[in-house]
Structure formats: structure tokens, C-alpha cells
file upload-v9.pdb (PDB, C-alpha atoms)
ATOM      1  CA  MET U   1       0.000   0.000   0.000
ATOM      2  CA  LEU U   2       2.790   2.446   0.832
ATOM      3  CA  ASN U   3       4.452   1.784  -2.530
ATOM      4  CA  SER U   4       1.316   2.968  -4.302
ATOM      5  CA  PHE U   5       1.846   6.485  -2.896
ATOM      6  CA  THR U   6       5.412   6.800  -4.219
ATOM      7  CA  PRO U   7       4.412   8.028  -7.717
ATOM      8  CA  LEU U   8       2.025  10.505  -6.110
ATOM      9  CA  HIS U   9       4.718  11.833  -3.779
ATOM     10  CA  TYR U  10       7.327  12.301  -6.490
ATOM     11  CA  SER U  11       4.719  13.340  -9.117
ATOM     12  CA  THR U  12       5.990  10.772 -11.589
ATOM     13  CA  PHE U  13       2.524   9.786 -12.801
ATOM     14  CA  GLY U  14       0.610  11.688 -15.479
ATOM     15  CA  GLY U  15       3.617  13.079 -17.309
ATOM     16  CA  LEU U  16       4.618  16.691 -17.784
ATOM     17  CA  PRO U  17       1.180  18.316 -17.241
ATOM     18  CA  THR U  18       0.975  16.768 -13.774
ATOM     19  CA  ARG U  19       4.457  17.970 -12.877
ATOM     20  CA  ILE U  20       3.622  21.519 -13.981
ATOM     21  CA  LEU U  21       0.425  21.424 -11.923
ATOM     22  CA  TYR U  22       2.372  20.144  -8.916
ATOM     23  CA  VAL U  23       4.815  23.067  -9.161
ATOM     24  CA  PHE U  24       1.962  25.541  -8.761
ATOM     25  CA  VAL U  25       0.285  23.511  -6.018
ATOM     26  CA  LYS U  26       3.506  23.196  -4.048
ATOM     27  CA  LEU U  27       4.265  26.936  -4.339
ATOM     28  CA  THR U  28       0.832  27.967  -3.052
ATOM     29  CA  PRO U  29       1.764  27.955   0.682
ATOM     30  CA  LEU U  30       4.807  30.128  -0.012
ATOM     31  CA  ILE U  31       2.746  32.617  -2.009
ATOM     32  CA  LEU U  32       0.097  32.735   0.735
ATOM     33  CA  PHE U  33       2.790  33.313   3.368
ATOM     34  CA  ILE U  34       4.379  36.153   1.414
ATOM     35  CA  THR U  35       1.097  37.924   0.663
ATOM     36  CA  GLY U  36      -0.033  37.504   4.279
ATOM     37  CA  PHE U  37       3.235  38.953   5.556
ATOM     38  CA  VAL U  38       2.972  41.932   3.201
ATOM     39  CA  MET U  39      -0.604  42.606   4.319
ATOM     40  CA  TRP U  40       0.445  42.327   7.976
ATOM     41  CA  GLN U  41       3.354  44.737   7.471
ATOM     42  CA  TYR U  42       1.092  47.214   5.680
ATOM     43  CA  ARG U  43      -1.395  47.095   8.543
ATOM     44  CA  LYS U  44       1.306  47.608  11.195
ATOM     45  CA  ARG U  45       2.841  50.621   9.426
ATOM     46  CA  PRO U  46       2.353  53.758  11.528
ATOM     47  CA  THR U  47       0.132  56.433  10.078
ATOM     48  CA  PRO U  48       1.775  59.810   9.524
ATOM     49  CA  ASP U  49       0.980  62.549  12.018
ATOM     50  CA  PHE U  50      -0.130  65.687  10.195
ATOM     51  CA  SER U  51      -1.107  67.608  13.313
ATOM     52  CA  GLN U  52       2.091  69.693  13.206
ATOM     53  CA  PHE U  53       1.356  70.818   9.680
ATOM     54  CA  ARG U  54      -2.199  71.799  10.547
ATOM     55  CA  LYS U  55      -1.094  73.990  13.466
ATOM     56  CA  ASN U  56       1.438  75.864  11.370
ATOM     57  CA  SER U  57      -0.907  76.380   8.438
ATOM     58  CA  TRP U  58      -3.492  78.236  10.555
ATOM     59  CA  ASP U  59      -1.004  80.697  12.060
TER      60      ASP U  59
END

call {"tool": "encode", "arguments": {"input": "upload-v9.pdb", "output": "C-alpha cells"}}
result
Amino acid sequence: MLNSFTPLHYSTFGGLPTRILYVFVKLTPLILFITGFVMWQYRKRPTPDFSQFRKNSWD
């Protein structure tokens, strides 16, 4: 039974189309991690404080 999973693990069944599909499937967690990290960094970025500019503009 374990030997039947070997072609699935190494993506040796189905030829080239299956290998190309596996490349995209295996890269999905990395892409999700990168986009999640970018969104998290964008959310944590401090907002600029424009209060100093407003005080000086009304003087």
C-alpha cells in the first residue's frame, strides 16, 4: 500500500502536465505566506501625524 503512494509523492505519474500542476500547487503555501506577511506589514505601518502641519498652516 505504501508503494502505491510513491508516484504521487514524487509526481511521476501523469507526465509533464501533472508535474507543472504540482509546481503551482507546491508553491501555493509560499505565495500565501508572502502575501499575508505583506498585508500584515502594511497594517502595522504607523500612520503619519499631520497635526504639526495643521497647526502651522493656521497661524

call {"tool": "atom_distance", "arguments": {"input": "upload-v9.pdb", "atom1": "atom CA of U:Leu21", "atom2": "atom CA of U:Leu8"}}
result
12.5 Å

call {"tool": "atom_distance", "arguments": {"input": "upload-v9.pdb", "atom1": "atom CA of U:Asn3", "atom2": "atom CA of U:Pro29"}}
result
26.5 Å

call {"tool": "axis_aligned_box", "arguments": {"input": "upload-v9.pdb", "around": "stretch 33-39 of chain U", "padding_each_side": "8 Å", "output": "JSON"}}
result
{"center_x": 1.9, "center_y": 38.0, "center_z": 3.1, "size_x": 21.0, "size_y": 25.3, "size_z": 20.9}

call {"tool": "atom_distance", "arguments": {"input": "upload-v9.pdb", "atom1": "atom CA of U:Arg19", "atom2": "atom CA of U:Pro7"}}
result
11.2 Å

call {"tool": "residues_around", "arguments": {"input": "upload-v9.pdb", "residues": "U:Lys26", "least_positions_apart": "5", "cutoff": "12 Å", "atoms": "only C-alpha atoms", "output": "MDAnalysis selection string"}}
result
chainID U and resid 9:11 18:21 31:32
